file model_36.cif (mmCIF, C-alpha atoms; chains and numbers go by the auth columns)
data_structure
loop_
_atom_site.group_PDB
_atom_site.id
_atom_site.type_symbol
_atom_site.label_atom_id
_atom_site.label_comp_id
_atom_site.label_asym_id
_atom_site.label_seq_id
_atom_site.Cartn_x
_atom_site.Cartn_y
_atom_site.Cartn_z
_atom_site.B_iso_or_equiv
_atom_site.auth_seq_id
_atom_site.auth_asym_id
ATOM 1 C CA MET A 1 -17.196 21.548 -8.943 0.00 1 T
ATOM 2 C CA LEU A 2 -18.413 18.212 -7.649 0.00 2 T
ATOM 3 C CA ASN A 3 -16.136 16.113 -5.476 0.00 3 T
ATOM 4 C CA ALA A 4 -14.639 13.251 -7.468 0.00 4 T
ATOM 5 C CA VAL A 5 -16.660 10.058 -7.322 0.00 5 T
ATOM 6 C CA THR A 6 -13.517 8.105 -6.350 0.00 6 T
ATOM 7 C CA LYS A 7 -10.786 8.878 -3.831 0.00 7 T
ATOM 8 C CA ARG A 8 -8.120 8.920 -6.535 0.00 8 T
ATOM 9 C CA TRP A 9 -8.404 10.486 -9.960 0.00 9 T
ATOM 10 C CA GLU A 10 -6.216 12.206 -12.551 0.00 10 T
ATOM 11 C CA ASP A 11 -6.763 15.076 -14.916 0.00 11 T
ATOM 12 C CA GLN A 12 -5.167 14.284 -18.286 0.00 12 T
ATOM 13 C CA SER A 13 -6.633 17.285 -20.089 0.00 13 T
ATOM 14 C CA THR A 14 -4.689 19.180 -22.734 0.00 14 T
ATOM 15 C CA THR A 15 -5.366 22.393 -24.614 0.00 15 T
ATOM 16 C CA LYS A 16 -7.305 20.361 -27.210 0.00 16 T
ATOM 17 C CA VAL A 17 -9.125 17.690 -25.218 0.00 17 T
ATOM 18 C CA PHE A 18 -10.478 17.102 -21.713 0.00 18 T
ATOM 19 C CA LYS A 19 -9.909 13.647 -20.227 0.00 19 T
ATOM 20 C CA PHE A 20 -10.084 12.287 -16.700 0.00 20 T
ATOM 21 C CA ILE A 21 -9.108 8.953 -15.173 0.00 21 T
ATOM 22 C CA PHE A 22 -10.906 7.661 -12.091 0.00 22 T
ATOM 23 C CA TYR A 23 -9.515 4.776 -10.013 0.00 23 T
ATOM 24 C CA CYS A 24 -11.531 2.101 -8.193 0.00 24 T
ATOM 25 C CA ASP A 25 -11.258 2.587 -4.412 0.00 25 T
ATOM 26 C CA CYS A 26 -11.008 -1.196 -3.970 0.00 26 T
ATOM 27 C CA CYS A 27 -8.612 -2.542 -6.627 0.00 27 T
ATOM 28 C CA GLY A 28 -7.192 0.665 -8.118 0.00 28 T
ATOM 29 C CA LYS A 29 -8.334 -0.145 -11.653 0.00 29 T
ATOM 30 C CA ALA A 30 -8.178 2.877 -13.982 0.00 30 T
ATOM 31 C CA ILE A 31 -11.526 3.846 -15.485 0.00 31 T
ATOM 32 C CA PRO A 32 -11.023 6.543 -18.142 0.00 32 T
ATOM 33 C CA SER A 33 -13.690 9.051 -19.048 0.00 33 T
ATOM 34 C CA PRO A 34 -14.513 9.732 -22.667 0.00 34 T
ATOM 35 C CA GLU A 35 -12.467 12.475 -24.280 0.00 35 T
ATOM 36 C CA TYR A 36 -14.289 15.772 -24.648 0.00 36 T
ATOM 37 C CA PRO A 37 -12.822 18.008 -27.361 0.00 37 T
ATOM 38 C CA PHE A 38 -12.113 21.646 -26.586 0.00 38 T
ATOM 39 C CA ASN A 39 -12.887 24.375 -29.084 0.00 39 T
ATOM 40 C CA SER A 40 -12.374 27.937 -27.886 0.00 40 T
ATOM 41 C CA GLY A 41 -14.341 29.430 -30.757 0.00 41 T
ATOM 42 C CA PHE A 42 -11.308 31.541 -31.691 0.00 42 T
ATOM 43 C CA LYS A 43 -9.374 31.110 -34.916 0.00 43 T
ATOM 44 C CA PRO A 44 -5.857 29.768 -34.295 0.00 44 T
ATOM 45 C CA LYS A 45 -3.183 32.505 -34.264 0.00 45 T
ATOM 46 C CA LEU A 46 0.471 32.622 -33.475 0.00 46 T
ATOM 47 C CA LEU A 47 0.426 36.052 -31.855 0.00 47 T
ATOM 48 C CA MET A 48 -2.316 36.920 -29.384 0.00 48 T
ATOM 49 C CA SER A 49 -2.943 40.011 -27.375 0.00 49 T
ATOM 50 C CA GLU A 50 -3.023 39.690 -23.594 0.00 50 T
ATOM 51 C CA ALA A 51 -6.812 40.121 -23.674 0.00 51 T
ATOM 52 C CA GLU A 52 -7.206 37.288 -26.225 0.00 52 T
ATOM 53 C CA ARG A 53 -4.949 35.019 -24.182 0.00 53 T
ATOM 54 C CA LYS A 54 -6.943 35.705 -20.993 0.00 54 T
ATOM 55 C CA ALA A 55 -10.250 35.161 -22.821 0.00 55 T
ATOM 56 C CA ARG A 56 -9.086 31.801 -24.173 0.00 56 T
ATOM 57 C CA GLU A 57 -7.844 30.804 -20.723 0.00 57 T
ATOM 58 C CA LEU A 58 -11.196 31.691 -19.102 0.00 58 T
ATOM 59 C CA ILE A 59 -13.128 29.772 -21.769 0.00 59 T
ATOM 60 C CA TRP A 60 -10.841 26.755 -21.300 0.00 60 T
ATOM 61 C CA LEU A 61 -11.330 26.831 -17.512 0.00 61 T
ATOM 62 C CA ARG A 62 -15.118 27.074 -17.860 0.00 62 T
ATOM 63 C CA ASP A 63 -15.229 24.224 -20.385 0.00 63 T
ATOM 64 C CA HIS A 64 -12.779 22.163 -18.309 0.00 64 T
ATOM 65 C CA ASP A 65 -15.036 22.420 -15.254 0.00 65 T
ATOM 66 C CA ALA A 66 -18.069 21.425 -17.342 0.00 66 T
ATOM 67 C CA ALA A 67 -16.201 18.448 -18.849 0.00 67 T
ATOM 68 C CA TYR A 68 -15.089 17.304 -15.383 0.00 68 T
ATOM 69 C CA GLU A 69 -18.667 17.505 -14.062 0.00 69 T
ATOM 70 C CA ARG A 70 -19.900 15.542 -17.085 0.00 70 T
ATOM 71 C CA ALA A 71 -17.214 12.857 -16.671 0.00 71 T
ATOM 72 C CA ASN A 72 -17.795 12.598 -12.917 0.00 72 T
ATOM 73 C CA LEU A 73 -21.560 12.184 -13.373 0.00 73 T
ATOM 74 C CA LEU A 74 -21.007 9.582 -16.087 0.00 74 T
ATOM 75 C CA MET A 75 -18.776 7.603 -13.722 0.00 75 T
ATOM 76 C CA GLN A 76 -21.433 7.762 -10.974 0.00 76 T
ATOM 77 C CA THR A 77 -24.222 6.571 -13.228 0.00 77 T
ATOM 78 C CA ASP A 78 -22.523 4.090 -15.576 0.00 78 T
ATOM 79 C CA HIS A 79 -19.177 2.847 -14.242 0.00 79 T
ATOM 80 C CA ILE A 80 -18.765 3.240 -10.487 0.00 80 T
ATOM 81 C CA HIS A 81 -20.826 1.539 -7.769 0.00 81 T
ATOM 82 C CA THR A 82 -20.978 2.338 -4.059 0.00 82 T
ATOM 83 C CA CYS A 83 -20.396 -0.370 -1.475 0.00 83 T
ATOM 84 C CA GLU A 84 -23.400 -0.288 0.864 0.00 84 T
ATOM 85 C CA ILE A 85 -21.222 -1.427 3.773 0.00 85 T
ATOM 86 C CA CYS A 86 -18.052 0.702 3.688 0.00 86 T
ATOM 87 C CA GLY A 87 -19.040 3.396 1.186 0.00 87 T
ATOM 88 C CA SER A 88 -16.109 2.760 -1.181 0.00 88 T
ATOM 89 C CA HIS A 89 -16.615 3.634 -4.834 0.00 89 T
ATOM 90 C CA ILE A 90 -15.837 0.521 -6.827 0.00 90 T
ATOM 91 C CA CYS A 91 -15.601 -0.755 -10.390 0.00 91 T
ATOM 92 C CA GLY A 92 -17.838 -3.493 -11.741 0.00 92 T
ATOM 93 C CA ASP A 93 -15.080 -6.064 -11.196 0.00 93 T
ATOM 94 C CA CYS A 94 -15.132 -5.377 -7.425 0.00 94 T
ATOM 95 C CA ALA A 95 -18.894 -4.963 -7.089 0.00 95 T
ATOM 96 C CA VAL A 96 -20.825 -7.924 -5.716 0.00 96 T
ATOM 97 C CA ILE A 97 -24.590 -8.294 -5.593 0.00 97 T
ATOM 98 C CA CYS A 98 -24.844 -9.473 -2.013 0.00 98 T
ATOM 99 C CA ASP A 99 -27.398 -12.010 -0.775 0.00 99 T
ATOM 100 C CA GLU A 100 -27.284 -10.681 2.796 0.00 100 T
ATOM 101 C CA LEU A 101 -28.061 -7.158 1.535 0.00 101 T
ATOM 102 C CA ASN A 102 -31.098 -8.419 -0.414 0.00 102 T
ATOM 103 C CA GLY A 103 -29.454 -7.736 -3.754 0.00 103 T
ATOM 104 C CA GLY A 104 -27.590 -4.628 -2.604 0.00 104 T
ATOM 105 C CA VAL A 105 -24.035 -3.963 -3.732 0.00 105 T
ATOM 106 C CA CYS A 106 -20.900 -4.404 -1.667 0.00 106 T
ATOM 107 C CA CYS A 107 -17.197 -4.590 -2.461 0.00 107 T
ATOM 108 C CA THR A 108 -15.254 -7.836 -2.507 0.00 108 T
ATOM 109 C CA ALA A 109 -13.301 -6.791 0.620 0.00 109 T
ATOM 110 C CA CYS A 110 -16.493 -6.365 2.699 0.00 110 T
ATOM 111 C CA LEU A 111 -17.975 -9.557 1.266 0.00 111 T
ATOM 112 C CA GLU A 112 -14.921 -11.562 2.341 0.00 112 T
ATOM 113 C CA SER A 113 -14.433 -9.905 5.733 0.00 113 T
ATOM 114 C CA ARG A 114 -18.062 -10.500 6.739 0.00 114 T
ATOM 115 C CA HIS A 115 -18.267 -13.957 5.140 0.00 115 T
ATOM 116 C CA TYR A 116 -21.240 -12.848 3.045 0.00 116 T
ATOM 117 C CA HIS A 117 -22.348 -14.474 -0.177 0.00 117 T
ATOM 118 C CA GLY A 118 -23.121 -13.031 -3.557 0.00 118 T
ATOM 119 C CA LYS A 119 -22.439 -12.879 -7.234 0.00 119 T
ATOM 120 C CA LYS A 120 -19.902 -10.646 -8.974 0.00 120 T
ATOM 121 C CA MET A 121 -21.610 -7.875 -10.889 0.00 121 T
ATOM 122 C CA TRP A 122 -19.389 -8.364 -13.967 0.00 122 T
ATOM 123 C CA GLN A 123 -15.887 -9.086 -15.082 0.00 123 T
ATOM 124 C CA GLY A 124 -13.827 -6.801 -17.321 0.00 124 T
ATOM 125 C CA GLU A 125 -15.699 -3.502 -17.745 0.00 125 T
#
call {"tool": "encode", "arguments": {"input": "model_36.cif", "output": "structure tokens"}}
result
Amino acid sequence: MLNAVTKRWEDQSTTKVFKFIFYCDCCGKAIPSPEYPFNSGFKPKLLMSEAERKARELIWLRDHDAAYERANLLMQTDHIHTCEICGSHICGDCAVICDELNGGVCCTACLESRHYHGKKMWQGE
């Protein structure tokens, strides 16, 4: 599995749906992934043999890993930006297009500490 795009994240998956929450390294804002439904391909039953239970568990684990990879990649491409100064992974609210970096992205903390100038990428993702 890929390392999470942010330092802090949560797995809120259940037996029916996979869902992950990633948190901005700068402000801590929660950025939820889409929910990915889980379907084992088995008909629902009350009583399962040990082999059926293990098979369902293995399918869930495989699909969980795939859903996590998908969510993580989506965060990297559509929701999370990397500060070119400190390397933090930040939400659009913390991302600044920095004049001193020729339009590169930095976080608000680096912008302020270095007295750089720029424009916020966006407000309220």
call {"tool": "closest_residue", "arguments": {"input": "model_36.cif", "among": "T:Thr108, T:Ala67, T:Ser113, T:Ser40", "to": "T:Lys54", "atoms": "all atoms listed in the file"}}
result
T:Ser40
call {"tool": "closest_residue", "arguments": {"input": "model_36.cif", "among": "T:Cys110, T:Cys26, T:Leu73, T:Ile59", "to": "T:Phe42", "atoms": "only C-alpha atoms"}}
result
T:Ile59
call {"tool": "closest_residue", "arguments": {"input": "model_36.cif", "among": "T:Ala109, T:Gly118, T:Arg8, T:Glu35", "to": "T:Arg70", "atoms": "all atoms listed in the file"}}
result
T:Glu35
call {"tool": "resolve_selection", "arguments": {"input": "model_36.cif", "expression": "the PyMOL selection byres ((chain T and resi 68) around 12)", "output": "PyMOL selection string"}}
result
chain T and resi 1-5+9-13+17-22+32-36+60-67+69-75
call {"tool": "closest_residue", "arguments": {"input": "model_36.cif", "among": "T:Cys98, T:Cys107, T:Lys29, T:Arg114", "to": "T:Cys83", "atoms": "only C-alpha atoms"}}
result
T:Cys107
call {"tool": "decode", "arguments": {"input": "model_36.cif", "residues": "stretch 63-78 of chain T", "atoms": "all heavy atoms", "output": "mmCIF file, in the first residue's frame"}}
result
data_model
loop_
_atom_site.group_PDB
_atom_site.id
_atom_site.type_symbol
_atom_site.label_atom_id
_atom_site.label_comp_id
_atom_site.auth_asym_id
_atom_site.auth_seq_id
_atom_site.Cartn_x
_atom_site.Cartn_y
_atom_site.Cartn_z
ATOM 1 N N ASP T 63 -10.085 -5.663 -1.483
ATOM 2 C CA ASP T 63 -10.853 -4.510 -1.951
ATOM 3 C C ASP T 63 -10.595 -3.274 -1.089
ATOM 4 O O ASP T 63 -10.600 -2.147 -1.589
ATOM 5 C CB ASP T 63 -12.341 -4.836 -1.989
ATOM 6 C CG ASP T 63 -12.699 -5.813 -3.105
ATOM 7 O OD1 ASP T 63 -11.788 -6.248 -3.853
ATOM 8 O OD2 ASP T 63 -13.894 -6.158 -3.224
ATOM 9 N N HIS T 64 -10.364 -3.478 0.206
ATOM 10 C CA HIS T 64 -10.040 -2.366 1.099
ATOM 11 C C HIS T 64 -8.734 -1.708 0.664
ATOM 12 O O HIS T 64 -8.636 -0.483 0.571
ATOM 13 C CB HIS T 64 -9.940 -2.871 2.538
ATOM 14 C CG HIS T 64 -9.514 -1.831 3.505
ATOM 15 N ND1 HIS T 64 -8.184 -1.612 3.828
ATOM 16 C CD2 HIS T 64 -10.226 -0.929 4.227
ATOM 17 C CE1 HIS T 64 -8.109 -0.635 4.701
ATOM 18 N NE2 HIS T 64 -9.334 -0.198 4.965
ATOM 19 N N ASP T 65 -7.715 -2.521 0.398
ATOM 20 C CA ASP T 65 -6.429 -1.980 -0.043
ATOM 21 C C ASP T 65 -6.576 -1.207 -1.352
ATOM 22 O O ASP T 65 -6.009 -0.125 -1.512
ATOM 23 C CB ASP T 65 -5.391 -3.090 -0.211
ATOM 24 C CG ASP T 65 -4.916 -3.654 1.123
ATOM 25 O OD1 ASP T 65 -5.270 -3.092 2.185
ATOM 26 O OD2 ASP T 65 -4.199 -4.674 1.106
ATOM 27 N N ALA T 66 -7.359 -1.742 -2.273
ATOM 28 C CA ALA T 66 -7.582 -1.066 -3.563
ATOM 29 C C ALA T 66 -8.332 0.249 -3.363
ATOM 30 O O ALA T 66 -8.007 1.265 -3.999
ATOM 31 C CB ALA T 66 -8.344 -1.981 -4.519
ATOM 32 N N ALA T 67 -9.321 0.271 -2.481
ATOM 33 C CA ALA T 67 -10.082 1.491 -2.206
ATOM 34 C C ALA T 67 -9.189 2.548 -1.552
ATOM 35 O O ALA T 67 -9.269 3.735 -1.880
ATOM 36 C CB ALA T 67 -11.286 1.183 -1.315
ATOM 37 N N TYR T 68 -8.321 2.112 -0.634
ATOM 38 C CA TYR T 68 -7.392 3.047 0.007
ATOM 39 C C TYR T 68 -6.456 3.663 -1.035
ATOM 40 O O TYR T 68 -6.247 4.874 -1.051
ATOM 41 C CB TYR T 68 -6.575 2.334 1.095
ATOM 42 C CG TYR T 68 -5.396 3.149 1.548
ATOM 43 C CD1 TYR T 68 -5.572 4.206 2.440
ATOM 44 C CD2 TYR T 68 -4.129 2.910 1.039
ATOM 45 C CE1 TYR T 68 -4.494 4.986 2.827
ATOM 46 C CE2 TYR T 68 -3.056 3.687 1.424
ATOM 47 C CZ TYR T 68 -3.241 4.714 2.307
ATOM 48 O OH TYR T 68 -2.181 5.499 2.671
ATOM 49 N N GLU T 69 -5.899 2.836 -1.902
ATOM 50 C CA GLU T 69 -4.989 3.336 -2.948
ATOM 51 C C GLU T 69 -5.722 4.343 -3.831
ATOM 52 O O GLU T 69 -5.183 5.399 -4.165
ATOM 53 C CB GLU T 69 -4.466 2.177 -3.807
ATOM 54 C CG GLU T 69 -3.702 1.126 -3.039
ATOM 55 C CD GLU T 69 -2.223 1.390 -2.939
ATOM 56 O OE1 GLU T 69 -1.702 2.170 -3.725
ATOM 57 O OE2 GLU T 69 -1.602 0.800 -2.039
ATOM 58 N N ARG T 70 -6.950 4.024 -4.195
ATOM 59 C CA ARG T 70 -7.748 4.917 -5.045
ATOM 60 C C ARG T 70 -8.008 6.255 -4.338
ATOM 61 O O ARG T 70 -7.854 7.318 -4.920
ATOM 62 C CB ARG T 70 -9.059 4.209 -5.384
ATOM 63 C CG ARG T 70 -9.918 4.925 -6.356
ATOM 64 C CD ARG T 70 -11.117 4.052 -6.687
ATOM 65 N NE ARG T 70 -12.038 4.758 -7.545
ATOM 66 C CZ ARG T 70 -13.252 4.362 -7.795
ATOM 67 N NH1 ARG T 70 -13.706 3.234 -7.284
ATOM 68 N NH2 ARG T 70 -14.030 5.068 -8.576
ATOM 69 N N ALA T 71 -8.400 6.193 -3.073
ATOM 70 C CA ALA T 71 -8.665 7.408 -2.296
ATOM 71 C C ALA T 71 -7.398 8.237 -2.121
ATOM 72 O O ALA T 71 -7.414 9.465 -2.259
ATOM 73 C CB ALA T 71 -9.252 7.046 -0.931
ATOM 74 N N ASN T 72 -6.298 7.584 -1.818
ATOM 75 C CA ASN T 72 -5.021 8.272 -1.613
ATOM 76 C C ASN T 72 -4.578 8.983 -2.902
ATOM 77 O O ASN T 72 -4.150 10.142 -2.868
ATOM 78 C CB ASN T 72 -3.977 7.258 -1.151
ATOM 79 C CG ASN T 72 -2.799 7.897 -0.461
ATOM 80 O OD1 ASN T 72 -2.934 8.876 0.261
ATOM 81 N ND2 ASN T 72 -1.636 7.330 -0.664
ATOM 82 N N LEU T 73 -4.690 8.297 -4.026
ATOM 83 C CA LEU T 73 -4.321 8.917 -5.307
ATOM 84 C C LEU T 73 -5.242 10.079 -5.651
ATOM 85 O O LEU T 73 -4.795 11.109 -6.177
ATOM 86 C CB LEU T 73 -4.322 7.873 -6.428
ATOM 87 C CG LEU T 73 -3.163 6.892 -6.386
ATOM 88 C CD1 LEU T 73 -3.374 5.764 -7.391
ATOM 89 C CD2 LEU T 73 -1.840 7.585 -6.646
ATOM 90 N N LEU T 74 -6.523 9.931 -5.357
ATOM 91 C CA LEU T 74 -7.466 11.029 -5.598
ATOM 92 C C LEU T 74 -7.086 12.251 -4.768
ATOM 93 O O LEU T 74 -7.107 13.381 -5.269
ATOM 94 C CB LEU T 74 -8.891 10.586 -5.261
ATOM 95 C CG LEU T 74 -9.958 11.669 -5.410
ATOM 96 C CD1 LEU T 74 -10.166 12.015 -6.876
ATOM 97 C CD2 LEU T 74 -11.261 11.231 -4.776
ATOM 98 N N MET T 75 -6.717 12.033 -3.512
ATOM 99 C CA MET T 75 -6.299 13.153 -2.663
ATOM 100 C C MET T 75 -5.074 13.847 -3.255
ATOM 101 O O MET T 75 -5.005 15.068 -3.311
ATOM 102 C CB MET T 75 -5.983 12.672 -1.249
ATOM 103 C CG MET T 75 -7.171 12.247 -0.445
ATOM 104 S SD MET T 75 -8.327 13.597 -0.146
ATOM 105 C CE MET T 75 -9.842 12.844 -0.682
ATOM 106 N N GLN T 76 -4.100 13.065 -3.724
ATOM 107 C CA GLN T 76 -2.865 13.623 -4.280
ATOM 108 C C GLN T 76 -3.121 14.432 -5.537
ATOM 109 O O GLN T 76 -2.443 15.421 -5.787
ATOM 110 C CB GLN T 76 -1.871 12.513 -4.606
ATOM 111 C CG GLN T 76 -1.271 11.872 -3.395
ATOM 112 C CD GLN T 76 -0.344 10.714 -3.745
ATOM 113 O OE1 GLN T 76 -0.145 10.387 -4.899
ATOM 114 N NE2 GLN T 76 0.218 10.095 -2.729
ATOM 115 N N THR T 77 -4.069 14.010 -6.335
ATOM 116 C CA THR T 77 -4.283 14.685 -7.618
ATOM 117 C C THR T 77 -5.323 15.793 -7.565
ATOM 118 O O THR T 77 -5.216 16.752 -8.316
ATOM 119 C CB THR T 77 -4.690 13.675 -8.717
ATOM 120 O OG1 THR T 77 -5.867 12.976 -8.307
ATOM 121 C CG2 THR T 77 -3.578 12.672 -8.978
ATOM 122 N N ASP T 78 -6.319 15.686 -6.671
ATOM 123 C CA ASP T 78 -7.430 16.640 -6.710
ATOM 124 C C ASP T 78 -7.630 17.498 -5.466
ATOM 125 O O ASP T 78 -8.305 18.514 -5.544
ATOM 126 C CB ASP T 78 -8.743 15.899 -6.959
ATOM 127 C CG ASP T 78 -8.832 15.313 -8.349
ATOM 128 O OD1 ASP T 78 -7.929 15.556 -9.170
ATOM 129 O OD2 ASP T 78 -9.814 14.594 -8.622
#
